[in-house]
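Engineer: Sharing run-v9.csv, CSV, C-alpha atoms:
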```csv
chain,number,residue,atom,x,y,z
A,278,MET,CA,111.7,163.0,26.4
A,279,ILE,CA,111.3,166.8,26.4
A,280,PRO,CA,107.6,166.8,25.2
A,281,TYR,CA,106.8,164.2,27.9
A,282,PHE,CA,108.6,166.3,30.5
A,283,LEU,CA,106.7,169.5,29.5
A,284,THR,CA,103.3,167.7,29.5
A,285,GLN,CA,104.0,166.2,32.9
A,286,LEU,CA,105.4,169.6,34.2
A,287,TRP,CA,102.4,171.7,33.2
A,288,LYS,CA,99.9,169.1,34.5
A,289,THR,CA,101.8,168.7,37.8
A,290,VAL,CA,102.5,172.4,38.3
A,291,PHE,CA,98.8,173.2,37.6
A,292,LEU,CA,97.7,170.6,40.1
A,293,VAL,CA,100.1,171.6,42.8
A,294,SER,CA,99.3,175.3,42.3
A,295,ALA,CA,95.6,174.5,42.7
A,296,GLY,CA,96.5,172.3,45.8
A,297,LEU,CA,98.5,175.2,47.3
A,298,LEU,CA,95.6,177.6,46.7
A,299,PHE,CA,93.2,175.2,48.4
A,300,ALA,CA,95.6,174.5,51.3
A,301,LEU,CA,96.2,178.2,52.0
A,302,THR,CA,92.5,179.1,51.6
A,303,LEU,CA,91.6,176.3,54.0
A,304,GLY,CA,94.5,177.4,56.3
A,305,SER,CA,92.8,180.8,56.6
A,306,TYR,CA,90.0,179.1,58.6
A,307,VAL,CA,92.6,177.5,60.9
A,308,ASP,CA,94.4,179.3,63.6
A,309,ASN,CA,96.5,178.4,66.6
A,310,SER,CA,93.6,178.4,69.0
A,311,LEU,CA,91.7,175.8,66.9
A,312,ILE,CA,94.8,173.6,66.6
A,313,GLU,CA,95.4,173.9,70.4
A,314,SER,CA,91.7,173.0,71.1
A,315,ILE,CA,92.0,169.9,68.8
A,316,LYS,CA,95.2,168.8,70.5
A,317,GLN,CA,93.7,169.3,74.0
A,318,ASN,CA,90.2,167.7,73.3
A,319,ILE,CA,91.1,164.8,71.0
A,320,ASN,CA,93.7,162.3,72.1
A,321,ILE,CA,96.6,161.3,69.9
A,322,PRO,CA,95.2,157.8,68.8
A,323,MET,CA,91.9,159.4,67.7
A,324,GLN,CA,93.8,162.2,65.9
A,325,ILE,CA,95.7,159.5,64.0
A,326,LEU,CA,92.5,157.6,63.2
A,327,TYR,CA,90.7,160.7,62.0
A,328,ALA,CA,93.8,161.7,59.9
A,329,GLU,CA,94.0,158.4,58.1
A,330,LEU,CA,90.2,158.3,57.5
A,331,ILE,CA,90.4,161.8,56.0
A,332,GLY,CA,93.3,160.6,53.9
A,333,PHE,CA,91.4,157.5,52.7
A,334,VAL,CA,88.4,159.6,51.5
A,335,SER,CA,90.5,162.4,50.0
A,336,PRO,CA,90.6,162.2,46.3
A,337,GLY,CA,93.4,163.4,44.0
A,338,PRO,CA,97.0,162.6,43.1
A,339,ARG,CA,99.8,162.3,45.6
A,340,TYR,CA,101.4,165.7,45.4
A,341,ILE,CA,98.4,167.8,46.3
A,342,LEU,CA,98.7,166.9,50.0
A,343,TYR,CA,102.1,168.3,50.6
A,344,PRO,CA,101.1,172.0,50.8
A,345,ILE,CA,98.4,171.0,53.3
A,346,LEU,CA,100.9,169.0,55.3
A,347,ALA,CA,103.4,171.8,55.3
A,348,THR,CA,100.7,174.2,56.6
A,349,LEU,CA,99.6,171.7,59.3
A,350,ARG,CA,103.2,171.2,60.4
A,351,ASP,CA,103.6,174.9,60.8
A,352,TYR,CA,100.6,175.0,63.1
A,353,GLY,CA,102.3,172.3,65.3
A,354,ILE,CA,100.4,169.2,64.3
A,355,GLY,CA,102.4,166.1,65.3
A,356,THR,CA,104.5,164.0,62.9
A,357,GLY,CA,102.4,160.9,63.7
A,358,VAL,CA,99.3,162.6,62.4
A,359,ILE,CA,101.2,163.8,59.3
A,360,ILE,CA,102.4,160.3,58.6
A,361,ALA,CA,98.8,159.0,58.9
A,362,LEU,CA,97.5,161.6,56.5
A,363,LEU,CA,100.4,161.0,54.0
A,364,SER,CA,100.0,157.2,54.0
A,365,GLY,CA,96.2,157.2,54.3
A,366,HIS,CA,95.8,159.4,51.3
A,367,VAL,CA,97.6,157.0,48.9
A,368,LEU,CA,97.1,153.5,50.3
A,369,ILE,CA,93.5,153.2,49.4
A,370,GLU,CA,91.5,155.7,47.3
A,371,PRO,CA,87.8,155.3,46.6
A,372,SER,CA,88.6,155.1,42.8
A,373,THR,CA,91.4,152.4,43.2
A,374,PHE,CA,89.1,150.4,45.5
A,375,PHE,CA,86.7,149.9,42.6
A,376,VAL,CA,89.5,149.3,40.1
A,377,GLU,CA,90.7,146.4,42.4
A,378,VAL,CA,87.2,145.0,42.7
A,379,GLY,CA,87.1,144.8,38.9
A,380,PHE,CA,90.5,143.1,38.6
A,381,PHE,CA,90.6,140.8,41.7
A,382,GLY,CA,87.1,140.6,43.1
A,383,TYR,CA,85.8,142.4,46.2
A,384,ARG,CA,87.7,140.4,48.8
A,385,PHE,CA,91.2,141.7,47.8
A,386,PRO,CA,90.5,145.5,48.2
A,387,LEU,CA,88.4,144.8,51.3
A,388,LYS,CA,91.2,143.0,53.0
A,389,ARG,CA,93.7,145.6,51.7
A,390,PHE,CA,91.5,148.4,53.2
A,391,LEU,CA,91.4,146.7,56.6
A,392,ILE,CA,95.1,146.1,56.6
A,393,SER,CA,95.9,149.6,55.4
A,394,LEU,CA,93.8,151.0,58.2
A,395,LEU,CA,95.6,148.9,60.8
A,396,VAL,CA,99.2,149.4,59.4
A,397,THR,CA,98.7,153.2,59.0
A,398,PHE,CA,97.3,153.5,62.5
A,399,PHE,CA,100.3,151.8,64.0
A,400,ALA,CA,102.7,153.7,61.8
A,401,GLY,CA,101.2,156.9,63.1
A,402,LEU,CA,101.4,155.7,66.7
A,403,LEU,CA,105.0,154.5,66.4
A,404,THR,CA,106.0,157.9,64.8
A,405,THR,CA,104.3,159.7,67.7
A,406,PHE,CA,106.4,157.7,70.2
A,407,ILE,CA,109.6,157.9,68.3
A,408,ILE,CA,109.6,161.4,66.8
A,409,ASP,CA,107.0,163.5,68.7
B,189,MET,CA,80.8,172.0,27.2
B,190,LEU,CA,80.2,168.8,29.1
B,191,GLU,CA,82.0,166.8,26.3
B,192,ARG,CA,85.0,169.2,26.7
B,193,LEU,CA,85.1,168.6,30.5
B,194,LYS,CA,85.0,164.9,30.0
B,195,LYS,CA,88.0,165.0,27.7
B,196,LEU,CA,90.2,166.8,30.3
B,197,SER,CA,92.8,164.7,32.1
B,198,PRO,CA,92.2,163.7,35.7
B,199,GLU,CA,94.9,166.1,37.0
B,200,VAL,CA,93.2,169.0,35.3
B,201,LYS,CA,89.8,168.0,36.6
B,202,VAL,CA,91.0,167.7,40.2
B,203,GLY,CA,92.9,171.1,39.8
B,204,ILE,CA,89.8,172.8,38.5
B,205,SER,CA,87.7,171.3,41.4
B,206,LEU,CA,90.3,172.6,43.9
B,207,ILE,CA,90.2,176.1,42.4
B,208,VAL,CA,86.4,176.2,42.6
B,209,LEU,CA,86.5,174.9,46.2
B,210,SER,CA,89.1,177.6,47.1
B,211,ILE,CA,86.9,180.3,45.6
B,212,ILE,CA,83.9,179.2,47.6
B,213,LEU,CA,86.0,178.9,50.8
B,214,SER,CA,87.5,182.4,50.2
B,215,ILE,CA,84.1,184.0,49.9
B,216,TYR,CA,83.2,182.8,53.4
B,217,SER,CA,86.6,183.4,55.0
B,218,ASP,CA,87.2,186.3,57.4
B,219,LYS,CA,90.7,186.8,56.0
B,220,ASN,CA,91.8,188.4,52.7
B,221,ILE,CA,93.0,185.5,50.6
B,222,VAL,CA,95.3,187.7,48.5
B,223,HIS,CA,97.0,188.8,51.7
B,224,VAL,CA,97.3,185.2,52.8
B,225,LEU,CA,98.9,184.3,49.5
B,226,GLN,CA,101.3,187.2,49.8
B,227,GLN,CA,102.2,186.2,53.4
B,228,ASN,CA,103.0,182.6,52.1
B,229,ARG,CA,105.0,183.7,49.1
B,230,GLY,CA,108.1,181.9,50.3
B,231,LEU,CA,106.3,178.6,50.8
B,232,ILE,CA,104.6,178.9,47.3
B,233,ILE,CA,107.9,179.5,45.5
B,234,LYS,CA,109.6,176.6,47.5
B,235,ILE,CA,106.8,174.1,46.6
B,236,LEU,CA,106.7,175.1,42.9
B,237,LEU,CA,110.5,174.7,42.7
B,238,LEU,CA,110.3,171.3,44.4
B,239,THR,CA,107.5,170.3,42.0
B,240,MET,CA,109.7,171.1,39.0
B,241,LEU,CA,112.5,169.0,40.6
B,242,ALA,CA,110.1,166.1,41.3
B,243,VAL,CA,108.9,166.1,37.7
B,244,CYS,CA,112.5,166.1,36.5
B,245,ILE,CA,113.2,163.0,38.7
B,246,ALA,CA,110.0,161.3,37.6
B,247,THR,CA,110.8,161.9,33.9
B,248,ILE,CA,114.3,160.5,34.2
B,249,VAL,CA,113.1,157.4,36.1
B,250,HIS,CA,110.3,156.9,33.7
B,251,PHE,CA,112.7,156.8,30.7
B,252,LEU,CA,115.5,154.9,32.4
B,253,ILE,CA,113.4,152.3,34.2
B,254,PRO,CA,110.2,151.3,32.6
B,255,PRO,CA,107.6,150.0,35.3
B,256,ASP,CA,107.6,146.4,33.8
B,257,TYR,CA,111.3,146.2,34.5
B,258,PHE,CA,110.5,144.9,38.0
B,259,LYS,CA,108.2,142.2,36.7
B,260,LYS,CA,110.9,139.5,36.4
B,261,TYR,CA,112.0,140.1,40.0
B,262,LEU,CA,108.6,139.6,41.5
B,263,LYS,CA,108.0,136.2,39.9
B,264,GLN,CA,109.7,134.2,42.7
B,265,ASN,CA,106.5,133.1,44.5
B,266,LYS,CA,107.6,132.8,48.2
B,267,LEU,CA,106.6,134.8,51.2
B,268,ILE,CA,110.3,135.6,51.9
B,269,TYR,CA,110.0,137.8,48.7
B,270,LEU,CA,107.7,140.2,50.6
B,271,VAL,CA,110.9,142.2,51.3
B,272,SER,CA,112.0,142.4,47.7
B,273,ALA,CA,108.4,143.1,46.6
B,274,SER,CA,108.3,146.0,49.1
B,275,VAL,CA,111.6,147.4,47.9
B,276,LEU,CA,110.7,147.1,44.3
B,277,GLY,CA,107.3,148.8,45.0
B,278,ILE,CA,109.1,151.7,46.6
B,279,LEU,CA,111.4,152.0,43.6
B,280,THR,CA,108.7,151.7,41.0
B,281,PRO,CA,107.8,155.1,39.5
B,282,GLY,CA,104.5,156.4,38.3
B,283,PRO,CA,100.9,156.8,39.5
B,284,VAL,CA,99.1,153.8,41.1
B,285,TYR,CA,97.1,153.2,37.9
B,286,ALA,CA,100.3,152.6,36.0
B,287,ILE,CA,101.1,149.5,38.1
B,288,TYR,CA,97.8,147.7,37.9
B,289,PRO,CA,98.5,146.2,34.4
B,290,ILE,CA,101.7,144.7,35.9
B,291,VAL,CA,99.9,143.5,39.0
B,292,VAL,CA,97.2,141.8,36.9
B,293,ILE,CA,99.8,140.0,34.8
B,294,LEU,CA,101.6,138.9,37.9
B,295,LYS,CA,98.4,137.6,39.3
B,296,LYS,CA,97.6,135.7,36.1
B,297,GLU,CA,101.1,134.1,36.4
B,298,GLY,CA,100.1,132.8,39.9
B,299,ILE,CA,101.9,135.2,42.2
B,300,ASN,CA,100.7,135.1,45.7
B,301,ASN,CA,98.4,138.0,46.6
B,302,SER,CA,100.4,138.8,49.8
B,303,ILE,CA,103.4,139.6,47.6
B,304,LEU,CA,101.2,141.8,45.4
B,305,VAL,CA,99.9,143.6,48.4
B,306,SER,CA,103.4,144.4,49.6
B,307,TYR,CA,104.3,145.6,46.1
B,308,ILE,CA,101.2,147.8,45.8
B,309,THR,CA,101.7,149.2,49.4
B,310,GLY,CA,105.4,150.0,48.7
B,311,GLN,CA,104.6,151.6,45.4
B,312,THR,CA,101.7,153.8,46.8
B,313,ILE,CA,103.3,155.1,50.0
B,314,PHE,CA,106.6,156.0,48.5
B,315,GLY,CA,108.1,156.8,45.1
B,316,PRO,CA,111.2,158.5,43.6
B,317,ALA,CA,109.3,161.7,42.7
B,318,ARG,CA,108.4,162.3,46.4
B,319,ILE,CA,112.1,162.8,47.4
B,320,PRO,CA,112.3,166.6,46.7
B,321,PHE,CA,109.0,167.3,48.5
B,322,GLU,CA,110.0,165.2,51.6
B,323,ILE,CA,113.5,166.5,51.9
B,324,GLY,CA,112.6,170.1,50.9
B,325,LEU,CA,109.6,170.4,53.2
B,326,PHE,CA,110.4,168.1,56.1
B,327,GLY,CA,114.2,167.5,56.1
B,328,MET,CA,116.6,164.6,55.5
B,329,ASN,CA,115.8,162.9,58.8
B,330,PHE,CA,112.1,162.7,58.0
B,331,PHE,CA,112.9,161.4,54.6
B,332,ILE,CA,115.1,158.6,55.9
B,333,TYR,CA,112.6,157.7,58.6
B,334,ARG,CA,109.8,157.6,55.9
B,335,ILE,CA,111.8,155.1,53.7
B,336,VAL,CA,112.4,152.8,56.7
B,337,LEU,CA,108.7,153.1,57.8
B,338,SER,CA,107.4,152.5,54.3
B,339,LEU,CA,109.5,149.4,54.0
B,340,VAL,CA,108.2,148.1,57.4
B,341,MET,CA,104.6,149.0,56.5
B,342,ALA,CA,104.7,147.2,53.1
B,343,ILE,CA,106.2,144.0,54.6
B,344,CYS,CA,103.6,144.1,57.5
B,345,ALA,CA,100.8,144.6,55.0
B,346,GLY,CA,101.9,141.5,53.0
B,347,LEU,CA,102.2,139.4,56.2
B,348,LEU,CA,98.8,140.6,57.5
B,349,TYR,CA,97.2,139.8,54.2
B,350,SER,CA,98.7,136.3,54.3
B,351,TRP,CA,97.3,135.8,57.8
B,352,LEU,CA,93.9,137.3,57.1
B,353,SER,CA,93.6,135.1,54.0
B,354,LYS,CA,93.7,132.1,56.2
B,355,VAL,CA,90.6,133.4,58.0
B,356,PHE,CA,88.9,135.0,55.0
B,357,PRO,CA,90.3,133.4,51.9
B,358,ASP,CA,90.4,134.9,48.4
B,359,LYS,CA,87.8,133.8,46.0
B,360,LYS,CA,89.2,131.2,43.6
```
So, in terms of structure tokens, how does the structure I just supplied come out?
Structural biologist:
Amino acid sequence: MIPYFLTQLWKTVFLVSAGLLFALTLGSYVDNSLIESIKQNINIPMQILYAELIGFVSPGPRYILYPILATLRDYGIGTGVIIALLSGHVLIEPSTFFVEVGFFGYRFPLKRFLISLLVTFFAGLLTTFIID
Amino acid sequence: MLERLKKLSPEVKVGISLIVLSIILSIYSDKNIVHVLQQNRGLIIKILLLTMLAVCIATIVHFLIPPDYFKKYLKQNKLIYLVSASVLGILTPGPVYAIYPIVVILKKEGINNSILVSYITGQTIFGPARIPFEIGLFGMNFFIYRIVLSLVMAICAGLLYSWLSKVFPDKK
């Protein structure tokens, strides 16, 4: 159990540290005026749609998104957009899409992609109405 | 050199790519990255501590509940089991690649694809190891809301798959 724990720990800490570095470096390009301009010029449904599409194409394991989400939340990005990013990132990844094609044929991941797009969009909208 | 890179685990490859991207971004940034890192010292320490806690939880769950433990509960092949498939998905630990062998076996045993979709959706959007991150960074209310939302999303995904399969059926 301890060797397994230590292996997982170093891999995950390395990955999350790299994710943190990336999030903070990317965050240095973002300031309040940019976020305000996005919030004013792009309506909420489009923000949610962009967030989930960015999530879908973003590679990498689950934990690396949390530093980026924490930074975005501090800049005042809505919870609906955070939910869309969080769900979009894991529901379909380019790599798992091809794994599923191999196991189940192309129709299964294609339908799952369409459904994930729809479900995540409505989850983001619902969160915006309930929480934001 | 290339052979060595190929042998690295996916986590390490992604980590190295992120570090390289960060270096490129920091070259073009107007701000001093060292200063940015110092300013966010609190957040960095918090996230690293949460990461350690998450790995502890994931390790305990991994040894206490092997992923194929849930297999027997998913064998009841009725749409009403979308709920139990979603709950089991949320409770199943590990990365998404770890559940594909289970999903393939279930598929071979004739389990409805809608149930499999609910299970995969539940497993991917939530997981025991996410608990420290979500509570630590976003609070308990967000965490509870996420559990409920994940359950609803997984059930809806299964239902929509079932409906969509009537229009665009799976290949036999």
Engineer: Please check the contacts: residues of chain A at most 6 Å away from chain B, using only C-alpha atoms, listed as a short mmCIF file (atom, residue, chain, number, x, y, z; two decimals) with C-alpha atoms, in the frame of the given file.
Structural biologist:
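Output contents, as saved in result32.cif:
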```cif
data_model
loop_
_atom_site.label_atom_id
_atom_site.label_comp_id
_atom_site.auth_asym_id
_atom_site.auth_seq_id
_atom_site.Cartn_x
_atom_site.Cartn_y
_atom_site.Cartn_z
CA PHE A 282 108.60 166.30 30.50
CA LEU A 292 97.70 170.60 40.10
CA ALA A 295 95.60 174.50 42.70
CA PHE A 299 93.20 175.20 48.40
CA THR A 302 92.50 179.10 51.60
CA SER A 364 100.00 157.20 54.00
CA VAL A 367 97.60 157.00 48.90
CA LEU A 368 97.10 153.50 50.30
#
```
Engineer: Could you jot down the CA of Ile341 (chain A) to CA of Leu270 (chain B) separation for me, Å, one decimal place?
Structural biologist: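 Going from CA of Ile341 (chain A) over to CA of Leu270 (chain B) covers 29.4 Å.
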Engineer: Rounded to one decimal, what separation in Å do you get between CA of Leu297 (chain A) and CA of Ala400 (chain A)?
Structural biologist: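 Taking CA of Leu297 (chain A) and CA of Ala400 (chain A), their separation equals 26.3 Å.
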Engineer: Measuring between all atoms listed in the file, which one of A:Tyr352, A:Phe385, A:Phe398, A:Phe380 shows the shortest distance to Ser305 (chain A)?
Structural biologist: A:Tyr352
Engineer: Would you mind telling me which residue in A:Ala347, A:Ile359, A:Ile354, A:Ile407 lies nearest to Glu313 (chain A) when using all atoms listed in the file?
Structural biologist: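 Closest to Glu313 (chain A) of all the choices is A:Ile354.
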Engineer: Rounded to one decimal, what separation in Å do you get between CA of Tyr340 (chain A) and CA of Val293 (chain A)?
Structural biologist: 6.6 Å
Engineer: Could you give me, as a JSON list (two decimals) with C-alpha atoms, keeping the file's coordinate frame, the residues within 9 Å of region 324-334 of chain A, counting all atoms listed in the file and dropping anything in the same chain fewer than 3 positions from it?
Structural biologist:
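After the write, around_20.json holds the following:
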```json
[["chain", "number", "residue", "atom", "x", "y", "z"],
["A", 315, "ILE", "CA", 92.00, 169.90, 68.80],
["A", 316, "LYS", "CA", 95.20, 168.80, 70.50],
["A", 319, "ILE", "CA", 91.10, 164.80, 71.00],
["A", 320, "ASN", "CA", 93.70, 162.30, 72.10],
["A", 321, "ILE", "CA", 96.60, 161.30, 69.90],
["A", 357, "GLY", "CA", 102.40, 160.90, 63.70],
["A", 358, "VAL", "CA", 99.30, 162.60, 62.40],
["A", 359, "ILE", "CA", 101.20, 163.80, 59.30],
["A", 360, "ILE", "CA", 102.40, 160.30, 58.60],
["A", 361, "ALA", "CA", 98.80, 159.00, 58.90],
["A", 362, "LEU", "CA", 97.50, 161.60, 56.50],
["A", 363, "LEU", "CA", 100.40, 161.00, 54.00],
["A", 364, "SER", "CA", 100.00, 157.20, 54.00],
["A", 365, "GLY", "CA", 96.20, 157.20, 54.30],
["A", 366, "HIS", "CA", 95.80, 159.40, 51.30],
["A", 367, "VAL", "CA", 97.60, 157.00, 48.90],
["A", 368, "LEU", "CA", 97.10, 153.50, 50.30],
["A", 369, "ILE", "CA", 93.50, 153.20, 49.40],
["A", 370, "GLU", "CA", 91.50, 155.70, 47.30],
["A", 371, "PRO", "CA", 87.80, 155.30, 46.60],
["A", 394, "LEU", "CA", 93.80, 151.00, 58.20],
["A", 397, "THR", "CA", 98.70, 153.20, 59.00],
["A", 398, "PHE", "CA", 97.30, 153.50, 62.50],
["A", 399, "PHE", "CA", 100.30, 151.80, 64.00],
["A", 401, "GLY", "CA", 101.20, 156.90, 63.10],
["A", 402, "LEU", "CA", 101.40, 155.70, 66.70]]
```
Engineer: Could I get region 289-307 of chain B rebuilt with N, CA, C and O atoms, written as a PDB file, in the coordinates of the input?
Structural biologist:
```pdb
ATOM      1  N   PRO B 289      98.306 147.206  35.503  1.00  0.00           N
ATOM      2  CA  PRO B 289      98.500 146.200  34.400  1.00  0.00           C
ATOM      3  C   PRO B 289      99.603 145.184  34.817  1.00  0.00           C
ATOM      4  O   PRO B 289      99.460 143.996  34.541  1.00  0.00           O
ATOM      5  N   ILE B 290     100.683 145.647  35.490  1.00  0.00           N
ATOM      6  CA  ILE B 290     101.700 144.700  35.900  1.00  0.00           C
ATOM      7  C   ILE B 290     101.196 143.757  36.958  1.00  0.00           C
ATOM      8  O   ILE B 290     101.418 142.542  36.898  1.00  0.00           O
ATOM      9  N   VAL B 291     100.452 144.311  37.912  1.00  0.00           N
ATOM     10  CA  VAL B 291      99.900 143.500  39.000  1.00  0.00           C
ATOM     11  C   VAL B 291      98.959 142.424  38.446  1.00  0.00           C
ATOM     12  O   VAL B 291      98.985 141.261  38.880  1.00  0.00           O
ATOM     13  N   VAL B 292      98.158 142.803  37.452  1.00  0.00           N
ATOM     14  CA  VAL B 292      97.200 141.800  36.900  1.00  0.00           C
ATOM     15  C   VAL B 292      97.959 140.710  36.164  1.00  0.00           C
ATOM     16  O   VAL B 292      97.608 139.523  36.318  1.00  0.00           O
ATOM     17  N   ILE B 293      99.025 141.058  35.445  1.00  0.00           N
ATOM     18  CA  ILE B 293      99.800 140.000  34.800  1.00  0.00           C
ATOM     19  C   ILE B 293     100.460 139.087  35.790  1.00  0.00           C
ATOM     20  O   ILE B 293     100.428 137.863  35.641  1.00  0.00           O
ATOM     21  N   LEU B 294     101.013 139.669  36.852  1.00  0.00           N
ATOM     22  CA  LEU B 294     101.600 138.900  37.900  1.00  0.00           C
ATOM     23  C   LEU B 294     100.622 137.910  38.540  1.00  0.00           C
ATOM     24  O   LEU B 294     100.918 136.759  38.831  1.00  0.00           O
ATOM     25  N   LYS B 295      99.434 138.431  38.745  1.00  0.00           N
ATOM     26  CA  LYS B 295      98.400 137.600  39.300  1.00  0.00           C
ATOM     27  C   LYS B 295      98.025 136.444  38.407  1.00  0.00           C
ATOM     28  O   LYS B 295      97.869 135.313  38.874  1.00  0.00           O
ATOM     29  N   LYS B 296      97.955 136.736  37.098  1.00  0.00           N
ATOM     30  CA  LYS B 296      97.600 135.700  36.100  1.00  0.00           C
ATOM     31  C   LYS B 296      98.750 134.620  36.118  1.00  0.00           C
ATOM     32  O   LYS B 296      98.514 133.455  35.808  1.00  0.00           O
ATOM     33  N   GLU B 297      99.977 135.044  36.419  1.00  0.00           N
ATOM     34  CA  GLU B 297     101.100 134.100  36.400  1.00  0.00           C
ATOM     35  C   GLU B 297     101.191 133.341  37.756  1.00  0.00           C
ATOM     36  O   GLU B 297     102.134 132.596  37.993  1.00  0.00           O
ATOM     37  N   GLY B 298     100.223 133.581  38.635  1.00  0.00           N
ATOM     38  CA  GLY B 298     100.100 132.800  39.900  1.00  0.00           C
ATOM     39  C   GLY B 298     100.863 133.355  41.063  1.00  0.00           C
ATOM     40  O   GLY B 298     101.104 132.643  42.041  1.00  0.00           O
ATOM     41  N   ILE B 299     101.246 134.624  41.020  1.00  0.00           N
ATOM     42  CA  ILE B 299     101.900 135.200  42.200  1.00  0.00           C
ATOM     43  C   ILE B 299     100.988 135.370  43.337  1.00  0.00           C
ATOM     44  O   ILE B 299      99.838 135.773  43.165  1.00  0.00           O
ATOM     45  N   ASN B 300     101.516 135.043  44.527  1.00  0.00           N
ATOM     46  CA  ASN B 300     100.700 135.100  45.700  1.00  0.00           C
ATOM     47  C   ASN B 300     100.205 136.547  45.975  1.00  0.00           C
ATOM     48  O   ASN B 300     100.951 137.513  45.819  1.00  0.00           O
ATOM     49  N   ASN B 301      98.948 136.652  46.402  1.00  0.00           N
ATOM     50  CA  ASN B 301      98.400 138.000  46.600  1.00  0.00           C
ATOM     51  C   ASN B 301      99.091 138.780  47.712  1.00  0.00           C
ATOM     52  O   ASN B 301      99.112 140.000  47.668  1.00  0.00           O
ATOM     53  N   SER B 302      99.686 138.076  48.702  1.00  0.00           N
ATOM     54  CA  SER B 302     100.400 138.800  49.800  1.00  0.00           C
ATOM     55  C   SER B 302     101.578 139.569  49.177  1.00  0.00           C
ATOM     56  O   SER B 302     101.857 140.697  49.594  1.00  0.00           O
ATOM     57  N   ILE B 303     102.271 138.952  48.215  1.00  0.00           N
ATOM     58  CA  ILE B 303     103.400 139.600  47.600  1.00  0.00           C
ATOM     59  C   ILE B 303     102.895 140.831  46.779  1.00  0.00           C
ATOM     60  O   ILE B 303     103.498 141.904  46.808  1.00  0.00           O
ATOM     61  N   LEU B 304     101.749 140.654  46.124  1.00  0.00           N
ATOM     62  CA  LEU B 304     101.200 141.800  45.400  1.00  0.00           C
ATOM     63  C   LEU B 304     100.778 142.923  46.292  1.00  0.00           C
ATOM     64  O   LEU B 304     100.971 144.089  45.963  1.00  0.00           O
ATOM     65  N   VAL B 305     100.255 142.567  47.480  1.00  0.00           N
ATOM     66  CA  VAL B 305      99.900 143.600  48.400  1.00  0.00           C
ATOM     67  C   VAL B 305     101.092 144.382  48.921  1.00  0.00           C
ATOM     68  O   VAL B 305     101.066 145.621  49.006  1.00  0.00           O
ATOM     69  N   SER B 306     102.201 143.674  49.196  1.00  0.00           N
ATOM     70  CA  SER B 306     103.400 144.400  49.600  1.00  0.00           C
ATOM     71  C   SER B 306     103.922 145.286  48.502  1.00  0.00           C
ATOM     72  O   SER B 306     104.358 146.411  48.757  1.00  0.00           O
ATOM     73  N   TYR B 307     103.839 144.807  47.271  1.00  0.00           N
ATOM     74  CA  TYR B 307     104.300 145.600  46.100  1.00  0.00           C
ATOM     75  C   TYR B 307     103.430 146.859  45.959  1.00  0.00           C
ATOM     76  O   TYR B 307     103.954 147.975  45.849  1.00  0.00           O
TER      77      TYR B 307
END
```
